[in-house]
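One file, my_file-v2.txt, is given below (compact mmCIF, C-alpha atoms (C1' of nucleotides)).
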# COMPACT_ATOMS: atom_id res chain seq x y z
CA MET A 66 0.00 0.00 0.00
CA PRO A 67 1.44 3.39 -1.00
CA GLY A 68 1.88 6.08 1.64
CA ARG A 69 -0.69 8.73 2.33
CA GLU A 70 1.37 11.44 0.61
CA THR A 71 1.74 9.38 -2.53
CA SER A 72 -1.94 8.57 -2.57
CA ILE A 73 -2.84 12.21 -2.28
CA ASP A 74 -0.50 13.06 -5.15
CA ILE A 75 -2.21 10.44 -7.27
CA ILE A 76 -5.64 11.80 -6.40
CA GLN A 77 -4.51 15.29 -7.32
CA ARG A 78 -3.06 14.26 -10.62
CA GLU A 79 -5.90 12.01 -11.69
CA LEU A 80 -8.64 14.46 -10.78
CA THR A 81 -6.80 17.26 -12.54
CA ALA A 82 -6.26 15.19 -15.66
CA PHE A 83 -9.92 14.30 -15.64
CA ALA A 84 -10.87 17.96 -15.42
CA ARG A 85 -8.56 18.78 -18.32
CA ARG A 86 -10.28 16.20 -20.51
CA ALA A 87 -13.83 16.81 -19.41
CA ARG A 88 -14.68 19.56 -21.86
CA HIS A 89 -13.62 17.53 -24.84
CA LYS A 90 -15.41 14.43 -23.64
CA ALA A 91 -18.60 16.34 -23.02
CA SER A 92 -18.58 17.86 -26.49
CA GLN A 93 -18.22 14.40 -28.00
CA LEU A 94 -20.93 12.87 -25.84
CA HIS A 95 -23.56 15.53 -26.51
CA PRO A 96 -22.46 18.00 -29.20
CA ASP A 97 -25.47 20.25 -28.70
CA LEU A 98 -24.83 20.80 -25.00
CA SER A 99 -21.50 22.02 -23.66
CA LEU A 100 -20.10 20.82 -20.36
CA VAL A 101 -21.17 23.99 -18.62
CA THR A 102 -24.71 24.13 -19.99
CA TYR A 103 -25.20 20.43 -19.35
CA SER A 104 -24.01 20.82 -15.78
CA ILE A 105 -26.24 23.79 -15.10
CA LEU A 106 -29.31 22.17 -16.57
CA ASP A 107 -28.60 18.98 -14.68
CA LEU A 108 -28.23 20.82 -11.39
CA ILE A 109 -31.45 22.79 -11.67
CA ASN A 110 -33.23 19.63 -12.65
CA GLU A 111 -31.81 17.63 -9.78
CA ARG A 112 -32.69 20.41 -7.35
CA GLY A 113 -36.18 20.69 -8.79
CA GLY A 114 -35.64 24.34 -9.61
CA CYS A 115 -33.11 26.68 -8.08
CA ARG A 116 -31.76 30.20 -8.36
CA ALA A 117 -28.85 31.42 -10.44
CA ALA A 118 -26.94 32.27 -7.28
CA ASP A 119 -27.15 28.63 -6.20
CA VAL A 120 -25.72 27.52 -9.50
CA ALA A 121 -22.90 30.04 -9.22
CA SER A 122 -21.90 28.96 -5.75
CA TYR A 123 -22.20 25.25 -6.50
CA PHE A 124 -19.88 25.44 -9.51
CA MET A 125 -17.77 28.32 -8.20
CA LEU A 126 -18.61 30.50 -11.15
CA ASP A 127 -19.12 34.23 -11.26
CA LYS A 128 -22.77 35.23 -11.27
CA SER A 129 -22.27 37.02 -14.57
CA THR A 130 -21.12 33.81 -16.19
CA VAL A 131 -24.17 31.98 -14.91
CA SER A 132 -26.41 34.80 -16.03
CA ARG A 133 -25.17 34.52 -19.60
CA GLN A 134 -25.38 30.74 -19.66
CA VAL A 135 -28.91 30.90 -18.33
CA THR A 136 -29.83 33.44 -20.98
CA ALA A 137 -28.46 31.12 -23.64
CA LEU A 138 -30.36 28.14 -22.24
CA GLU A 139 -33.55 30.17 -22.13
CA LYS A 140 -33.14 31.26 -25.76
CA LEU A 141 -32.82 27.60 -26.68
CA ASP A 142 -36.05 26.98 -24.75
CA LEU A 143 -34.31 24.52 -22.46
CA LEU A 144 -35.23 26.30 -19.26
CA ARG A 145 -37.53 29.07 -18.11
CA ARG A 146 -37.28 31.61 -15.31
CA GLU A 147 -40.03 32.46 -12.88
CA THR A 148 -39.74 35.39 -10.55
CA ASP A 149 -39.50 34.04 -7.04
CA PRO A 150 -42.76 35.06 -5.33
CA ASP A 151 -41.02 35.15 -1.95
CA ASP A 152 -38.18 37.37 -3.11
CA GLN A 153 -38.75 39.47 -6.16
CA ARG A 154 -35.04 39.97 -6.73
CA GLY A 155 -34.48 36.34 -7.52
CA GLN A 156 -35.82 33.99 -10.10
CA ILE A 157 -36.40 30.29 -10.00
CA LEU A 158 -34.92 28.34 -12.87
CA ARG A 159 -36.69 25.25 -14.14
CA ALA A 160 -36.02 22.95 -17.05
CA THR A 161 -38.65 23.00 -19.78
CA GLU A 162 -40.01 19.85 -21.38
CA ALA A 163 -37.48 20.29 -24.18
CA GLY A 164 -34.76 20.72 -21.57
CA LEU A 165 -35.78 17.55 -19.77
CA THR A 166 -35.82 15.63 -23.02
CA LEU A 167 -32.37 16.84 -23.98
CA LEU A 168 -31.11 16.11 -20.49
CA ARG A 169 -32.46 12.58 -20.68
CA MET A 170 -30.81 11.97 -24.03
CA ALA A 171 -27.51 13.47 -22.97
CA GLY A 172 -27.67 11.52 -19.74
CA GLU A 173 -28.26 8.34 -21.67
CA GLN A 174 -25.20 9.00 -23.85
CA ARG A 175 -23.13 9.67 -20.78
CA ARG A 176 -24.44 6.60 -19.03
CA ILE A 177 -23.52 4.43 -22.00
CA ALA A 178 -20.02 5.89 -22.13
CA PHE A 179 -19.47 5.60 -18.40
CA THR A 180 -20.91 2.12 -18.23
CA ALA A 181 -18.57 1.01 -21.00
CA ARG A 182 -15.50 1.93 -19.05
CA PHE A 183 -16.61 0.06 -15.97
CA THR A 184 -17.23 -3.24 -17.72
CA ASP A 185 -14.32 -4.94 -16.01
CA TRP A 186 -15.08 -3.47 -12.59
CA SER A 187 -17.03 -5.44 -10.05
CA ASP A 188 -20.28 -4.00 -8.68
CA ASP A 189 -18.60 -3.59 -5.32
CA ASP A 190 -15.71 -1.62 -6.73
CA VAL A 191 -18.03 0.68 -8.69
CA ALA A 192 -20.12 1.27 -5.59
CA ARG A 193 -17.08 1.96 -3.43
CA PHE A 194 -15.61 4.33 -6.01
CA ALA A 195 -18.92 6.20 -6.15
CA GLY A 196 -18.95 6.31 -2.36
CA TYR A 197 -15.49 7.84 -2.18
CA LEU A 198 -16.30 10.41 -4.86
CA ALA A 199 -19.51 11.41 -3.12
CA ARG A 200 -17.68 11.73 0.16
CA TYR A 201 -14.97 13.79 -1.49
CA GLY A 202 -17.50 16.04 -3.23
CA SER A 203 -19.59 16.57 -0.14
CA GLU A 204 -16.70 18.28 1.60
CA ASP A 205 -16.42 21.01 -0.99
CA MET B 265 -25.29 -0.84 -1.29
CA PRO B 266 -26.74 1.20 -4.19
CA GLY B 267 -27.17 -0.45 -7.57
CA ARG B 268 -24.59 -0.29 -10.30
CA GLU B 269 -26.64 2.19 -12.34
CA THR B 270 -27.01 4.52 -9.40
CA SER B 271 -23.33 4.31 -8.60
CA ILE B 272 -22.41 5.17 -12.16
CA ASP B 273 -24.73 8.16 -12.06
CA ILE B 274 -23.05 9.35 -8.90
CA ILE B 275 -19.61 8.94 -10.45
CA GLN B 276 -20.70 10.91 -13.50
CA ARG B 277 -22.14 13.73 -11.48
CA GLU B 278 -19.31 14.02 -8.99
CA LEU B 279 -16.57 13.93 -11.58
CA THR B 280 -18.39 16.49 -13.70
CA ALA B 281 -18.94 18.80 -10.76
CA PHE B 282 -15.28 18.48 -9.89
CA ALA B 283 -14.30 19.40 -13.43
CA ARG B 284 -16.54 22.46 -13.32
CA ARG B 285 -14.87 23.68 -10.15
CA ALA B 286 -11.32 22.78 -11.04
CA ARG B 287 -10.42 25.96 -12.88
CA HIS B 288 -11.45 28.18 -10.03
CA LYS B 289 -9.71 26.04 -7.45
CA ALA B 290 -6.50 26.00 -9.44
CA SER B 291 -6.46 29.76 -9.84
CA GLN B 292 -6.83 30.15 -6.07
CA LEU B 293 -4.16 27.60 -5.28
CA HIS B 294 -1.48 29.01 -7.56
CA PRO B 295 -2.51 32.33 -9.10
CA ASP B 296 0.57 32.54 -11.31
CA LEU B 297 -0.07 29.20 -13.00
CA SER B 298 -3.41 28.39 -14.61
CA LEU B 299 -4.87 24.91 -14.53
CA VAL B 300 -3.80 24.26 -18.08
CA THR B 301 -0.23 25.51 -17.76
CA TYR B 302 0.19 23.72 -14.44
CA SER B 303 -1.06 20.48 -15.94
CA ILE B 304 1.19 20.72 -18.97
CA LEU B 305 4.27 21.53 -16.95
CA ASP B 306 3.46 18.75 -14.50
CA LEU B 307 3.05 16.23 -17.29
CA ILE B 308 6.30 17.02 -19.06
CA ASN B 309 8.06 16.92 -15.73
CA GLU B 310 6.56 13.61 -14.75
CA ARG B 311 7.44 12.14 -18.13
CA GLY B 312 10.95 13.51 -17.90
CA GLY B 313 10.48 15.44 -21.13
CA CYS B 314 7.99 14.77 -23.86
CA ARG B 315 6.69 16.16 -27.14
CA ALA B 316 3.85 18.60 -27.67
CA ALA B 317 1.89 15.90 -29.48
CA ASP B 318 2.01 13.74 -26.35
CA VAL B 319 0.63 16.57 -24.27
CA ALA B 320 -2.15 17.15 -26.78
CA SER B 321 -3.25 13.54 -26.86
CA TYR B 322 -2.99 13.10 -23.09
CA PHE B 323 -5.24 16.05 -22.37
CA MET B 324 -7.33 15.74 -25.53
CA LEU B 325 -6.37 19.19 -26.70
CA ASP B 326 -5.78 20.43 -30.20
CA LYS B 327 -2.11 20.69 -31.08
CA SER B 328 -2.53 24.40 -31.78
CA THR B 329 -3.72 24.95 -28.23
CA VAL B 330 -0.72 23.12 -26.86
CA SER B 331 1.59 25.01 -29.17
CA ARG B 332 0.40 28.34 -27.80
CA GLN B 333 0.55 27.23 -24.20
CA VAL B 334 4.05 25.93 -24.71
CA THR B 335 5.07 29.21 -26.30
CA ALA B 336 3.72 31.05 -23.26
CA LEU B 337 5.53 28.74 -20.86
CA GLU B 338 8.75 29.19 -22.80
CA LYS B 339 8.43 32.99 -22.70
CA LEU B 340 8.08 32.73 -18.93
CA ASP B 341 11.24 30.63 -18.92
CA LEU B 342 9.43 27.71 -17.31
CA LEU B 343 10.31 25.23 -20.00
CA ARG B 344 12.62 24.93 -22.98
CA ARG B 345 12.35 23.09 -26.27
CA GLU B 346 15.04 20.98 -27.84
CA THR B 347 14.74 19.68 -31.34
CA ASP B 348 14.42 15.92 -31.14
CA PRO B 349 17.64 14.54 -32.61
CA ASP B 350 15.84 11.39 -33.74
CA ASP B 351 13.06 13.23 -35.54
CA GLN B 352 13.70 16.74 -36.62
CA ARG B 353 10.00 17.51 -36.94
CA GLY B 354 9.41 17.22 -33.24
CA GLN B 355 10.82 18.89 -30.19
CA ILE B 356 11.35 17.65 -26.70
CA LEU B 357 9.91 19.79 -23.96
CA ARG B 358 11.64 20.00 -20.61
CA ALA B 359 11.00 22.06 -17.51
CA THR B 360 13.69 24.60 -16.67
CA GLU B 361 15.02 25.11 -13.16
CA ALA B 362 12.56 27.96 -12.73
CA GLY B 363 9.79 25.69 -13.97
CA LEU B 364 10.72 22.98 -11.51
CA THR B 365 10.80 25.46 -8.67
CA LEU B 366 7.39 26.84 -9.55
CA LEU B 367 6.05 23.33 -9.96
CA ARG B 368 7.35 22.38 -6.54
CA MET B 369 5.75 25.40 -4.92
CA ALA B 370 2.44 24.95 -6.69
CA GLY B 371 2.52 21.26 -5.87
CA GLU B 372 3.10 22.09 -2.23
CA GLN B 373 0.10 24.42 -2.19
CA ARG B 374 -2.02 21.76 -3.79
CA ARG B 375 -0.78 19.12 -1.42
CA ILE B 376 -1.65 21.28 1.55
CA ALA B 377 -5.14 21.93 0.21
CA PHE B 378 -5.73 18.30 -0.68
CA THR B 379 -4.33 17.02 2.57
CA ALA B 380 -6.67 19.33 4.48
CA ARG B 381 -9.74 17.79 2.97
CA PHE B 382 -8.67 14.27 3.77
CA THR B 383 -8.05 14.88 7.46
CA ASP B 384 -10.96 12.72 8.53
CA TRP B 385 -10.22 9.96 6.04
CA SER B 386 -8.27 6.91 7.12
CA ASP B 387 -5.03 6.05 5.33
CA ASP B 388 -6.71 3.00 3.89
CA ASP B 389 -9.59 4.98 2.44
CA VAL B 390 -7.24 7.54 0.89
CA ALA B 391 -5.16 4.77 -0.65
CA ARG B 392 -8.20 2.97 -2.01
CA PHE B 393 -9.65 6.16 -3.43
CA ALA B 394 -6.34 6.86 -5.16
CA GLY B 395 -6.32 3.32 -6.46
CA TYR B 396 -9.77 3.64 -7.98
CA LEU B 397 -8.95 6.99 -9.58
CA ALA B 398 -5.74 5.64 -11.05
CA ARG B 399 -7.60 2.64 -12.40
CA TYR B 400 -10.27 4.87 -13.84
CA GLY B 401 -7.74 7.22 -15.42
CA SER B 402 -5.64 4.44 -16.89
CA GLU B 403 -8.53 3.33 -19.07
CA ASP B 404 -8.79 6.66 -20.85
C1' DG C 107 14.65 5.28 -55.08
C1' DC C 108 10.87 8.24 -55.34
C1' DA C 109 6.24 9.94 -55.07
C1' DA C 110 2.36 9.89 -51.88
C1' DA C 111 0.80 9.93 -47.33
C1' DA C 112 1.34 10.80 -42.65
C1' DT C 113 3.24 13.44 -38.67
C1' DC C 114 4.74 17.59 -36.04
C1' DG C 115 4.46 22.04 -34.99
C1' DT C 116 2.95 27.17 -36.16
C1' DT C 117 -0.11 30.76 -37.37
C1' DG C 118 -4.57 33.02 -38.78
C1' DT C 119 -9.24 33.28 -37.57
C1' DA C 120 -13.34 32.73 -34.97
C1' DT C 121 -15.81 31.58 -30.90
C1' DA C 122 -16.96 30.27 -26.06
C1' DG C 123 -16.19 30.77 -21.27
C1' DT C 124 -14.81 33.46 -17.64
C1' DG C 125 -14.02 37.30 -14.19
C1' DC C 126 -14.33 42.00 -12.60
C1' DA C 127 -16.59 46.29 -12.09
C1' DA C 128 -20.54 49.15 -12.28
C1' DC C 129 -25.22 49.13 -12.08
C1' DA C 130 -30.58 48.66 -10.83
C1' DA C 131 -33.97 46.58 -8.11
C1' DA C 132 -35.44 44.34 -4.06
C1' DT C 133 -34.75 42.93 0.69
C1' DT C 134 -32.79 42.97 5.35
C1' DA C 135 -30.61 45.11 9.35
C1' DC C 136 -30.28 48.49 12.75
C1' DG D 59 -36.19 55.01 7.40
C1' DT D 60 -31.75 55.00 5.84
C1' DA D 61 -27.79 51.99 5.09
C1' DA D 62 -26.04 47.64 3.91
C1' DT D 63 -26.76 43.36 1.54
C1' DT D 64 -28.38 40.32 -2.02
C1' DT D 65 -29.75 39.14 -6.86
C1' DG D 66 -29.23 39.45 -11.40
C1' DT D 67 -27.63 42.13 -15.87
C1' DT D 68 -24.43 44.38 -18.90
C1' DG D 69 -19.99 46.33 -20.59
C1' DC D 70 -15.37 45.18 -21.09
C1' DA D 71 -11.17 42.53 -21.39
C1' DC D 72 -8.82 38.40 -21.65
C1' DT D 73 -7.85 33.30 -21.89
C1' DA D 74 -8.64 28.83 -23.72
C1' DT D 75 -10.02 26.45 -27.39
C1' DA D 76 -10.91 24.43 -32.14
C1' DC D 77 -10.44 24.25 -37.07
C1' DA D 78 -8.10 25.02 -41.29
C1' DA D 79 -4.15 26.00 -44.02
C1' DC D 80 0.60 25.74 -44.14
C1' DG D 81 5.91 24.28 -44.12
C1' DA D 82 9.10 21.02 -42.77
C1' DT D 83 10.22 16.40 -41.97
C1' DT D 84 9.64 11.42 -41.90
C1' DT D 85 7.44 7.12 -43.25
C1' DT D 86 5.13 4.16 -46.52
C1' DG D 87 4.13 1.78 -50.87
C1' DC D 88 5.37 0.44 -54.81

Rendering of file as structure tokens:
Amino acid sequence: MPGRETSIDIIQRELTAFARRARHKASQLHPDLSLVTYSILDLINERGGCRAADVASYFMLDKSTVSRQVTALEKLDLLRRETDPDDQRGQILRATEAGLTLLRMAGEQRRIAFTARFTDWSDDDVARFAGYLARYGSED
Amino acid sequence: MPGRETSIDIIQRELTAFARRARHKASQLHPDLSLVTYSILDLINERGGCRAADVASYFMLDKSTVSRQVTALEKLDLLRRETDPDDQRGQILRATEAGLTLLRMAGEQRRIAFTARFTDWSDDDVARFAGYLARYGSED
DNA sequence: GCAAAATCGTTGTATAGTGCAACAAATTAC
DNA sequence: GTAATTTGTTGCACTATACAACGATTTTGC
């Protein structure tokens, strides 16, 4: 078993390399949805509607960036904004039917690709890997 | 234990979220080295010198992108290029002393940050997580 | 051997993604 | 009730990126 330091170096390097490749991968998997728009749409869907500020803080993006991406998604009719009745400054973002459909298709493509690379992993290993990633992500 | 499908969904989502945050994190950790330049310098260092084409294929970047990044790194005196004696088309990239120093400092910052978030993980869990990531990355 | 094809890197061009600063509108704090 | 905070938008600048066309070199096929 490698030492803790070495393990942490490996985690660093592998996660960074993944991040470097992610944009390209995403554009191959679903050419009509970039990594950033896919992620945003997926988040608001998973949350069942959320505000732009939530998206910004979750992905550590500037609010202006999110604002533009949301505008783009709205123009494509993939999401709609409703003024938050409890706070008229904010707006609640929700995926439209078209957005949900696209999300399902993109998700399916991703699932196929991800499943393919786990073919020689046991169910236990996949579950443990997911567990570690979730634990890692929850501490962000 | 969650099902395989669920686990794969979690892996997808967590890795994607990490990728979305990586740029911001990197710019905080080492403001003088962007995620992309850090990654490139780290790779050529780890490989003990390599060609631009290797960098491009490893990170799934266009060769023109790599060419410009390498030019920038050379201007900053962080790496140098040597024409490959065995193939005069290519060049071998190597980190300079200044590049190695910067890499060490940036690596230290990253190590501190990464170590901090694993404080409540056991050595075994860290090692297993690293193992899974390495296995995942090796199949790219 | 030599012509055709492939490889390696550069440069021109266009575009997307991002952050920062300044702003308007609404809400909260004191 | 004014001041501070929050939420989102817009103007501006800059970085990262891809694609295409190119020059130089090497490899391949006959």

Shell of 10 Å around Ala91 of chain A, only C-alpha atoms (C1' of nucleotides), local chain residues under 2 positions omitted, as a tab-separated table (two decimals) with C-alpha atoms, in the frame of the given file:
chain	number	residue	atom	x	y	z
A	86	ARG	CA	-10.28	16.20	-20.51
A	87	ALA	CA	-13.83	16.81	-19.41
A	88	ARG	CA	-14.68	19.56	-21.86
A	89	HIS	CA	-13.62	17.53	-24.84
A	93	GLN	CA	-18.22	14.40	-28.00
A	94	LEU	CA	-20.93	12.87	-25.84
A	95	HIS	CA	-23.56	15.53	-26.51
A	96	PRO	CA	-22.46	18.00	-29.20
A	97	ASP	CA	-25.47	20.25	-28.70
A	98	LEU	CA	-24.83	20.80	-25.00
A	99	SER	CA	-21.50	22.02	-23.66
A	100	LEU	CA	-20.10	20.82	-20.36
A	101	VAL	CA	-21.17	23.99	-18.62
A	103	TYR	CA	-25.20	20.43	-19.35
A	171	ALA	CA	-27.51	13.47	-22.97
A	174	GLN	CA	-25.20	9.00	-23.85
A	175	ARG	CA	-23.13	9.67	-20.78
B	280	THR	CA	-18.39	16.49	-13.70

Within 10 Å of chain B, which residues of chain C come that close, and what is the closest atom pair and distance in Å for each? Count only C-alpha atoms (C1' of nucleotides) and give it as JSON lines.
{"residue": "C:DT113", "atom": "C1'", "partner": "B:Arg353", "partner_atom": "CA", "distance": 8.1}
{"residue": "C:DC114", "atom": "C1'", "partner": "B:Arg353", "partner_atom": "CA", "distance": 5.3}
{"residue": "C:DG115", "atom": "C1'", "partner": "B:Gly354", "partner_atom": "CA", "distance": 7.1}
{"residue": "C:DT116", "atom": "C1'", "partner": "B:Ser331", "partner_atom": "CA", "distance": 7.4}
{"residue": "C:DT117", "atom": "C1'", "partner": "B:Ser328", "partner_atom": "CA", "distance": 8.8}
{"residue": "C:DT124", "atom": "C1'", "partner": "B:His288", "partner_atom": "CA", "distance": 9.9}

Based on the selection just made, write C-alpha atoms (C1' of nucleotides) of those residues as a tab-separated table (two decimals), keeping the file's coordinate frame.
chain	number	residue	atom	x	y	z
C	113	DT	C1'	3.24	13.44	-38.67
C	114	DC	C1'	4.74	17.59	-36.04
C	115	DG	C1'	4.46	22.04	-34.99
C	116	DT	C1'	2.95	27.17	-36.16
C	117	DT	C1'	-0.11	30.76	-37.37
C	124	DT	C1'	-14.81	33.46	-17.64

Residues of chain D that approach chain A to 9 Å or less, counting all atoms listed in the file: could you list each one with the shortest pair of atoms and its distance in Å to one decimal, rows by chain and increasing residue number, as a Markdown table?
| residue | atom | partner | partner_atom | distance |
| --- | --- | --- | --- | --- |
| D:DT64 | C1' | A:Arg154 | CA | 8.2 |
| D:DT65 | C1' | A:Arg154 | CA | 5.4 |
| D:DG66 | C1' | A:Ser132 | CA | 7.1 |
| D:DT67 | C1' | A:Ser132 | CA | 7.4 |
| D:DT68 | C1' | A:Ser129 | CA | 8.8 |

> Could you work out how far atom C1' of DT85 of chain D lies from atom CA of Glu346 of chain B, giving the answer in Å with one decimal?
Replying inline: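 Atom CA of Glu346 of chain B sits 22.1 Å away from atom C1' of DT85 of chain D.
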
>> For a test of reading the model, state the distance in Å between atom C1' of DT83 of chain D and atom C1' of DA112 of chain C, rounded to one decimal.
In response: 10.5 Å

> Using only C-alpha atoms (C1' of nucleotides), which residues sit within 12 Å of DC88 of chain D once same-chain residues fewer than 3 positions away are excluded, as number ranges by chain?
Replying inline: C: 107-110

> Near Asn110 of chain A, counting only C-alpha atoms (C1' of nucleotides), which residues have an atom at most 9 Å away, once you skip same-chain residues fewer than 2 positions from it, shown as a ChimeraX atom specification?
Replying inline: /A:105-108,112-115,158-160,165,168

> Counting all atoms listed in the file, which residues from chain A have an atom at most 6 Å from any atom of chain B, and could you show them as an NGL selection string?
Replying inline: :A and (69 or 72 or 75-76 or 84-86 or 124-125 or 188 or 192 or 195)

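Straight-line separation from atom CA of Val120 of chain A to atom CA of Thr161 of chain A: 17.1 Å.
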
>> Set the distance at 12 Å and use only C-alpha atoms (C1' of nucleotides): which residues neighbour DT121 of chain C once local chain neighbours fewer than 3 positions away are removed? I'd like the list as a PyMOL selection string.
In response: chain D and resi 74-77

To test the calculation: enclose all listed atoms of segment 122-136 of chain C in a box whose edges run along x, y and z, add 3 Å on each side, then state centre and edge lengths in Å to one decimal, as JSON.
{"center_x": -24.7, "center_y": 39.7, "center_z": -6.7, "size_x": 27.4, "size_y": 24.9, "size_z": 44.8}

> Smallest atom-to-atom distance to DT73 of chain D: which of B:Ala336, B:Ile356, B:Ala320, B:Ile308, using all atoms listed in the file?
Replying inline: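 When distances to DT73 of chain D are compared using all atoms listed in the file, the smallest one comes from B:Ala336.
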